[in-house]
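Below is input_34.csv, holding CSV, C-alpha atoms and all ligand atoms.
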chain,number,residue,atom,x,y,z
A,479,MET,CA,1.7,-43.3,-73.4
A,480,LYS,CA,1.3,-46.1,-70.8
A,481,PHE,CA,1.5,-45.2,-67.1
A,482,SER,CA,1.9,-47.7,-64.3
A,483,HIS,CA,-1.5,-47.5,-62.5
A,484,PRO,CA,-4.5,-49.1,-64.3
A,485,GLN,CA,-6.6,-46.0,-63.5
A,486,ALA,CA,-4.1,-43.5,-64.9
A,487,ASP,CA,-5.8,-41.1,-67.3
A,488,VAL,CA,-4.5,-39.0,-70.2
A,489,LEU,CA,-6.4,-36.2,-71.9
A,490,VAL,CA,-5.2,-34.4,-75.0
A,491,PRO,CA,-7.8,-31.7,-75.6
A,492,GLY,CA,-6.3,-30.8,-79.0
A,493,GLY,CA,-6.4,-34.4,-80.2
A,494,ALA,CA,-2.8,-35.2,-80.9
A,495,SER,CA,-1.0,-38.2,-79.5
A,496,ALA,CA,0.1,-37.9,-75.8
A,497,GLU,CA,3.8,-38.1,-76.8
A,498,GLU,CA,3.4,-35.3,-79.3
A,499,ALA,CA,1.4,-33.1,-76.8
A,500,LEU,CA,3.8,-33.7,-74.0
A,501,ARG,CA,6.8,-32.8,-76.3
A,502,ARG,CA,5.2,-29.4,-77.0
A,503,VAL,CA,4.8,-28.5,-73.3
A,504,THR,CA,6.7,-25.3,-72.3
A,505,HIS,CA,5.0,-24.8,-69.0
A,506,LEU,CA,4.5,-27.9,-66.8
A,507,CYS,CA,2.8,-28.2,-63.5
A,508,VAL,CA,2.9,-31.4,-61.4
A,509,GLY,CA,0.5,-31.3,-58.4
A,510,ALA,CA,-0.6,-33.8,-55.8
A,511,HIS,CA,-4.3,-33.5,-56.2
A,512,GLN,CA,-7.0,-32.4,-58.6
A,513,ASP,CA,-7.3,-28.6,-58.5
A,514,ASP,CA,-3.7,-28.0,-57.1
A,515,ILE,CA,-2.6,-27.1,-60.6
A,516,GLU,CA,-5.3,-24.4,-60.9
A,517,ILE,CA,-4.4,-23.0,-57.5
A,518,MET,CA,-0.6,-23.0,-58.2
A,519,ALA,CA,-0.1,-22.3,-61.9
A,520,GLN,CA,-2.6,-19.7,-63.0
A,521,SER,CA,0.3,-17.6,-64.3
A,522,GLY,CA,1.6,-20.4,-66.5
A,523,ILE,CA,-1.9,-21.2,-67.7
A,524,SER,CA,-2.3,-17.5,-68.6
A,525,ASP,CA,1.1,-17.4,-70.4
A,526,CYS,CA,0.0,-20.3,-72.6
A,527,VAL,CA,-3.4,-18.8,-73.3
A,528,ASP,CA,-1.8,-15.5,-74.3
A,529,ASP,CA,0.8,-17.0,-76.7
A,530,PRO,CA,0.0,-19.8,-79.1
A,531,ARG,CA,3.6,-20.8,-79.3
A,532,LEU,CA,3.5,-21.9,-75.6
A,533,ALA,CA,1.8,-25.1,-74.3
A,534,PHE,CA,0.6,-25.9,-70.8
A,535,GLY,CA,0.8,-29.4,-69.4
A,536,GLY,CA,-0.8,-30.6,-66.2
A,537,VAL,CA,0.0,-33.7,-64.1
A,538,VAL,CA,-1.9,-34.8,-61.1
A,539,VAL,CA,-0.1,-37.6,-59.2
A,540,THR,CA,-2.7,-39.0,-56.8
A,541,ASN,CA,-6.2,-40.4,-57.3
A,542,GLY,CA,-8.3,-38.0,-55.2
A,543,ALA,CA,-9.7,-40.9,-53.1
A,544,GLY,CA,-9.1,-39.0,-49.8
A,545,SER,CA,-11.0,-35.9,-50.9
A,546,PRO,CA,-13.3,-34.2,-48.4
A,547,ARG,CA,-17.0,-34.5,-49.4
A,548,SER,CA,-20.3,-33.2,-48.1
A,549,GLY,CA,-23.7,-32.1,-49.4
A,550,ALA,CA,-24.6,-33.8,-52.7
A,551,TYR,CA,-21.3,-35.7,-52.6
A,552,GLY,CA,-21.5,-36.6,-48.9
A,553,SER,CA,-22.5,-40.3,-49.5
A,554,PHE,CA,-20.0,-40.9,-52.3
A,555,THR,CA,-17.6,-43.8,-51.9
A,556,ASP,CA,-13.9,-43.3,-52.5
A,557,GLU,CA,-14.3,-45.1,-55.8
A,558,ARG,CA,-17.0,-42.8,-57.0
A,559,MET,CA,-15.1,-39.8,-55.7
A,560,ILE,CA,-12.1,-40.8,-57.8
A,561,THR,CA,-14.2,-40.7,-60.9
A,562,VAL,CA,-15.8,-37.4,-60.0
A,563,ARG,CA,-12.5,-35.7,-59.4
A,564,ARG,CA,-10.9,-37.2,-62.5
A,565,ASP,CA,-13.7,-35.8,-64.6
A,566,GLU,CA,-13.5,-32.4,-62.9
A,567,GLN,CA,-9.7,-32.2,-63.7
A,568,ARG,CA,-10.4,-33.2,-67.3
A,569,GLU,CA,-13.0,-30.4,-67.5
A,570,ALA,CA,-10.5,-27.9,-66.1
A,571,ALA,CA,-7.9,-28.9,-68.7
A,572,ARG,CA,-10.4,-28.3,-71.5
A,573,ILE,CA,-11.4,-24.9,-70.0
A,574,GLY,CA,-7.8,-23.9,-69.7
A,575,GLY,CA,-6.7,-25.1,-73.1
A,576,TYR,CA,-4.0,-27.4,-71.8
A,577,ALA,CA,-2.0,-29.3,-74.3
A,578,ILE,CA,-2.1,-32.4,-72.1
A,579,GLN,CA,-3.6,-33.4,-68.8
A,580,VAL,CA,-2.2,-36.6,-67.1
A,581,GLN,CA,-3.6,-38.1,-64.0
A,582,LEU,CA,-1.4,-40.8,-62.6
A,583,ALA,CA,-4.0,-42.1,-60.1
A,584,HIS,CA,-1.5,-43.3,-57.4
A,585,PRO,CA,-2.7,-43.7,-53.8
A,586,SER,CA,-1.2,-41.0,-51.5
A,587,ALA,CA,0.6,-43.7,-49.5
A,588,ASP,CA,2.5,-44.9,-52.6
A,589,VAL,CA,3.7,-41.4,-53.4
A,590,LYS,CA,5.0,-41.0,-49.8
A,591,ARG,CA,7.1,-44.1,-50.2
A,592,PRO,CA,10.5,-43.2,-51.5
A,593,GLY,CA,11.5,-45.5,-54.3
A,594,HIS,CA,8.0,-46.6,-55.3
A,595,ARG,CA,8.7,-48.0,-58.7
A,596,GLY,CA,5.4,-47.0,-60.4
A,597,VAL,CA,5.6,-43.4,-59.2
A,598,ALA,CA,9.2,-43.1,-60.1
A,599,ALA,CA,8.7,-44.6,-63.6
A,600,ASP,CA,5.7,-42.4,-64.3
A,601,LEU,CA,7.5,-39.2,-63.3
A,602,ALA,CA,10.6,-40.2,-65.3
A,603,ALA,CA,8.4,-40.7,-68.4
A,604,ILE,CA,6.8,-37.3,-67.9
A,605,PHE,CA,10.0,-35.3,-67.3
A,606,SER,CA,12.0,-37.1,-70.0
A,607,GLY,CA,9.1,-36.7,-72.4
A,608,CYS,CA,9.1,-32.9,-72.5
A,609,SER,CA,11.6,-29.9,-72.3
A,610,PRO,CA,9.7,-27.3,-70.3
A,611,ARG,CA,11.2,-23.9,-69.8
A,612,VAL,CA,9.4,-23.7,-66.4
A,613,VAL,CA,8.0,-26.3,-64.0
A,614,PHE,CA,5.5,-25.5,-61.3
A,615,LEU,CA,5.7,-27.8,-58.2
A,616,HIS,CA,4.6,-27.7,-54.6
A,617,ASN,CA,6.8,-25.7,-52.3
A,618,PRO,CA,9.0,-27.5,-49.6
A,619,ALA,CA,7.3,-25.6,-46.7
A,620,ASP,CA,3.8,-26.6,-47.7
A,621,ARG,CA,1.9,-28.1,-44.7
A,622,HIS,CA,0.3,-30.9,-46.7
A,623,ASP,CA,2.3,-34.1,-46.4
A,624,THR,CA,1.3,-35.4,-49.8
A,625,HIS,CA,2.2,-32.1,-51.5
A,626,VAL,CA,5.7,-32.4,-50.0
A,627,ALA,CA,6.0,-36.0,-51.0
A,628,VAL,CA,5.1,-35.2,-54.6
A,629,LEU,CA,7.6,-32.4,-54.6
A,630,LEU,CA,10.3,-34.8,-53.5
A,631,ARG,CA,9.4,-37.4,-56.1
A,632,CYS,CA,9.5,-34.7,-58.8
A,633,LEU,CA,12.9,-33.4,-57.7
A,634,GLU,CA,14.2,-37.0,-57.8
A,635,ALA,CA,12.9,-37.4,-61.3
A,636,ILE,CA,14.5,-34.1,-62.5
A,637,LEU,CA,17.9,-34.9,-60.8
A,638,ALA,CA,17.9,-38.3,-62.6
A,639,LEU,CA,17.8,-36.5,-66.0
A,640,PRO,CA,21.1,-35.7,-67.8
A,641,GLU,CA,22.1,-32.1,-66.9
A,642,GLY,CA,21.3,-30.7,-70.3
A,643,ARG,CA,17.7,-32.2,-70.2
A,644,ARG,CA,16.7,-30.6,-66.9
A,645,PRO,CA,14.0,-27.9,-66.9
A,646,GLY,CA,15.0,-24.3,-67.3
A,647,ARG,CA,13.4,-23.1,-64.1
A,648,VAL,CA,11.7,-25.0,-61.3
A,649,LEU,CA,9.4,-23.1,-59.0
A,650,GLY,CA,7.7,-24.2,-55.7
A,651,CYS,CA,4.2,-22.6,-55.4
A,652,GLU,CA,1.7,-21.7,-52.7
A,653,VAL,CA,-1.2,-23.9,-51.8
A,654,TRP,CA,-1.4,-24.9,-48.1
A,655,GLY,CA,0.4,-22.0,-46.6
A,656,ASP,CA,1.8,-18.8,-48.1
A,657,LEU,CA,5.3,-17.9,-49.0
A,658,ASP,CA,5.5,-14.3,-48.0
A,659,TRP,CA,8.2,-15.1,-45.4
A,660,LEU,CA,10.7,-15.9,-48.1
A,661,PRO,CA,13.8,-13.7,-48.5
A,662,ASP,CA,13.2,-11.5,-51.6
A,663,ALA,CA,16.1,-12.9,-53.5
A,664,HIS,CA,14.4,-16.3,-53.7
A,665,LYS,CA,10.9,-15.0,-54.2
A,666,VAL,CA,9.3,-15.1,-57.6
A,667,ALA,CA,6.1,-13.1,-58.1
A,668,LEU,CA,3.9,-15.0,-60.6
A,669,ASP,CA,1.4,-12.8,-62.3
A,670,SER,CA,-1.8,-14.7,-61.6
A,671,GLY,CA,-4.1,-11.6,-62.0
A,672,ARG,CA,-4.6,-12.0,-65.7
A,673,HIS,CA,-7.7,-13.7,-67.1
A,674,PRO,CA,-9.8,-13.5,-63.8
A,675,GLU,CA,-12.8,-15.0,-65.5
A,676,LEU,CA,-10.8,-18.0,-66.7
A,677,ALA,CA,-9.3,-18.4,-63.2
A,678,ARG,CA,-12.8,-18.4,-61.8
A,679,ARG,CA,-14.1,-21.0,-64.3
A,680,LEU,CA,-11.0,-23.2,-63.7
A,681,LEU,CA,-11.6,-23.5,-60.0
A,682,ALA,CA,-15.4,-23.7,-60.4
A,683,ALA,CA,-14.8,-26.9,-62.4
A,684,PHE,CA,-14.0,-28.6,-59.1
A,685,ASP,CA,-17.6,-28.6,-58.0
A,686,SER,CA,-17.2,-31.5,-55.6
A,687,GLN,CA,-14.8,-29.3,-53.5
A,688,VAL,CA,-16.4,-25.9,-54.0
A,689,ALA,CA,-20.0,-27.1,-53.4
A,690,GLY,CA,-18.8,-29.3,-50.5
A,691,GLY,CA,-17.8,-26.2,-48.6
A,692,LYS,CA,-14.1,-25.7,-49.5
A,693,ARG,CA,-14.3,-22.4,-51.4
A,694,TYR,CA,-11.0,-22.7,-53.1
A,695,ASP,CA,-12.3,-20.4,-55.8
A,696,ILE,CA,-12.8,-17.5,-53.4
A,697,ALA,CA,-9.8,-18.3,-51.3
A,698,ALA,CA,-7.3,-18.5,-54.3
A,699,ALA,CA,-8.6,-15.3,-55.8
A,700,GLY,CA,-8.4,-13.5,-52.4
A,701,ARG,CA,-4.9,-14.7,-51.8
A,702,ARG,CA,-3.8,-13.5,-55.2
A,703,SER,CA,-5.3,-10.0,-54.6
A,704,ALA,CA,-3.8,-9.8,-51.1
A,705,ASN,CA,-0.4,-10.8,-52.3
A,706,ALA,CA,-0.5,-8.1,-55.0
A,707,THR,CA,-1.5,-5.4,-52.6
A,708,PHE,CA,0.8,-6.4,-49.7
A,709,SER,CA,3.8,-7.2,-51.8
A,710,ALA,CA,5.4,-3.7,-51.6
A,711,SER,CA,4.4,-1.1,-49.0
A,712,HIS,CA,5.6,1.9,-50.9
A,713,ALA,CA,4.4,1.1,-54.4
A,714,THR,CA,0.9,1.0,-55.9
A,715,ASP,CA,-0.5,-2.3,-57.1
A,716,SER,CA,1.0,-3.0,-60.5
A,717,GLN,CA,-0.5,-6.5,-60.8
A,718,ALA,CA,-4.1,-7.6,-60.0
A,719,GLY,CA,-2.9,-10.9,-58.6
A,720,ILE,CA,0.3,-12.5,-57.4
A,721,THR,CA,1.1,-16.1,-56.6
A,722,TRP,CA,4.4,-16.4,-54.7
A,723,ALA,CA,6.8,-19.1,-55.6
A,724,VAL,CA,10.2,-20.1,-54.3
A,725,ASP,CA,12.9,-20.5,-57.0
A,726,LEU,CA,14.0,-24.2,-56.6
A,727,THR,CA,16.2,-24.2,-59.7
A,728,PRO,CA,19.5,-24.3,-57.6
A,729,VAL,CA,18.4,-27.6,-56.1
A,730,THR,CA,18.2,-29.1,-59.6
A,731,ARG,CA,21.7,-28.1,-60.7
A,732,PRO,CA,24.8,-30.2,-60.4
A,733,GLY,CA,26.5,-29.7,-57.0
A,734,GLY,CA,23.4,-27.8,-55.8
A,735,PRO,CA,22.1,-28.1,-52.2
A,736,SER,CA,19.7,-30.8,-51.1
A,737,ILE,CA,16.1,-29.6,-50.8
A,738,ARG,CA,16.4,-29.9,-47.0
A,739,GLU,CA,19.6,-27.8,-46.8
A,740,PHE,CA,18.1,-25.3,-49.2
A,741,THR,CA,14.9,-24.9,-47.3
A,742,ALA,CA,16.6,-24.8,-43.9
A,743,SER,CA,18.9,-22.0,-45.0
A,744,LEU,CA,15.9,-19.9,-46.2
A,745,ILE,CA,14.2,-20.4,-42.9
A,746,ALA,CA,17.3,-19.5,-41.1
A,747,ARG,CA,17.6,-16.3,-43.1
A,748,PHE,CA,14.0,-15.5,-42.3
A,749,GLY,CA,14.7,-15.9,-38.6
A,750,ALA,CA,17.8,-13.7,-38.8
A,751,ASP,CA,15.8,-11.0,-40.7
A,752,VAL,CA,13.1,-10.9,-38.0
A,753,ALA,CA,15.6,-10.9,-35.2
A,754,GLY,CA,17.6,-8.1,-36.9
A,755,ARG,CA,14.5,-5.9,-37.3
A,756,LEU,CA,13.4,-6.5,-33.7
A,757,GLY,CA,17.0,-5.7,-32.5
A,758,ALA,CA,17.2,-2.6,-34.6
A,759,TRP,CA,14.2,-0.9,-32.9
A,760,ALA,CA,14.5,-2.3,-29.4
B,1,ZN,ZN,-3.6,-30.7,-52.9
Please, can you express the file's structure as structure tokens?
Ligand SMILES: [Zn+2]
Amino acid sequence: MKFSHPQADVLVPGGASAEEALRRVTHLCVGAHQDDIEIMAQSGISDCVDDPRLAFGGVVVTNGAGSPRSGAYGSFTDERMITVRRDEQREAARIGGYAIQVQLAHPSADVKRPGHRGVAADLAAIFSGCSPRVVFLHNPADRHDTHVAVLLRCLEAILALPEGRRPGRVLGCEVWGDLDWLPDAHKVALDSGRHPELARRLLAAFDSQVAGGKRYDIAAAGRRSANATFSASHATDSQAGITWAVDLTPVTRPGGPSIREFTASLIARFGADVAGRLGAWA
């Protein structure tokens, strides 16, 4: 497969062609940066590890040039950091047994530009090249601008597909910010508590971040445990880890709401719920 940016990178750990590997993908995650996939989609990675009929595909849209760096990596140029982060993502894909790992290597600024032809063409090739039953994306209330831009570009690519070719389910997952404010009807509890050793190794692959002082490995594991314990006040923990996701599937259906309308209505419901409870006990 040929993608638009000269630094785009495709890894097929199992050795098939990229087209073949992509076609097999049942669980697809498209994230902005290297390591977003491993924070968002541990449940999908686990599903595919547990069942050989399933196949996980990872796509990283940006090039990692703006990554924070310190310690041994402190003096690295953006160019060197791009190489380090690309190789870390490749290692995670091997550890996780992904069917395919694509890194599109776009600068963040291009992803934030609606209608950027290279970004649009690459995402169109990805989404039309597979038929995933579930797609893991960033959530619309994430606080990271590039995460939100990647989500928007992905939704545009999905909506451009013929109706019958759209993914079965589209989920927006936690990275920068939690989703525990979501009304229950839109909340999906992804079981990210299986394979804790695999989860640890996946995040440890991103040494440039972890060793640089961003302990995503500890933070992601802690959030998953906290979500599981605090998910239901009257029940004992039935899962060791939960990643919350918002079900974005309605946005990808004909006549569905725009992502802005959809998100605004969820936030309004949250506000009404809080006001209602405060009013009930005043
Ligand atoms: Zn990110």
Review point. Which residues form the shell of 7 Å around ligand ZN 1 (chain B) when you count only C-alpha atoms and all ligand atoms, given as a VMD selection string?
Key: chain A and resid 509 to 512 514 625
File dump, residues just selected, C-alpha atoms, as a tab-separated table (two decimals), keeping the file's coordinate frame:
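Okay, this is what ended up in out-v6.tsv:
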chain	number	residue	atom	x	y	z
A	509	GLY	CA	0.50	-31.30	-58.40
A	510	ALA	CA	-0.60	-33.80	-55.80
A	511	HIS	CA	-4.30	-33.50	-56.20
A	512	GLN	CA	-7.00	-32.40	-58.60
A	514	ASP	CA	-3.70	-28.00	-57.10
A	625	HIS	CA	2.20	-32.10	-51.50
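Close contacts of region 580-595 of chain A, defined as residues with an atom at most 7 Å away when counting all atoms listed in the file, with chain neighbours fewer than 5 positions off set aside, comprise Phe481, His483, Gln485, Ala486, Asp487, Val488, Leu489, Gly536, Val537, Val538, Val539, Thr540, Asn541, Thr624, Ala627 and Val628 of chain A.
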Please, which residues in region 664-709 of chain A fall within 12 Å of region 596-618 of chain A when counting all atoms listed in the file, and what is the closest atom pair and distance in Å to one decimal for each, ordered by chain then residue number, as JSON lines?
{"residue": "A:Lys665", "atom": "CA", "partner": "A:Asn617", "partner_atom": "CA", "distance": 11.6}
{"residue": "A:Val666", "atom": "CA", "partner": "A:Phe614", "partner_atom": "CA", "distance": 11.7}
{"residue": "A:Leu668", "atom": "CA", "partner": "A:Phe614", "partner_atom": "CA", "distance": 10.6}
**Study point:** Counting all atoms listed in the file, the option among A:Ile573, A:Ala496, A:Ser686, A:Glu739 closest to Val527 (chain A)
**Key:** A:Ile573
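CA of His622 (chain A) sits 24.8 Å away from CA of Ala638 (chain A).
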Study note, to complete from the structure: Ala697 (chain A) proximity check over A:Leu660, A:Gly575, A:Val653, A:Ala723, using all atoms listed in the file: winner is A:Val653
Point to revise | Residue among A:Val490, A:Val626, A:Ile517, A:Leu532 lying closest to Ile578 (chain A), counting all atoms listed in the file | key: A:Val490
Exercise for review: Excluding Glu557 (chain A) and any residue of its chain fewer than 2 positions from it, enumerate the residues within 12 Å of it, using all atoms listed in the file, and give them as number ranges by chain.
Suggested key: A: 485, 541-545, 553-555, 559-564, 583, 585
Revision key, fill the gap. Atom pair CA of Tyr694 (chain A) + CA of Leu680 (chain A), distance 10.6 Å
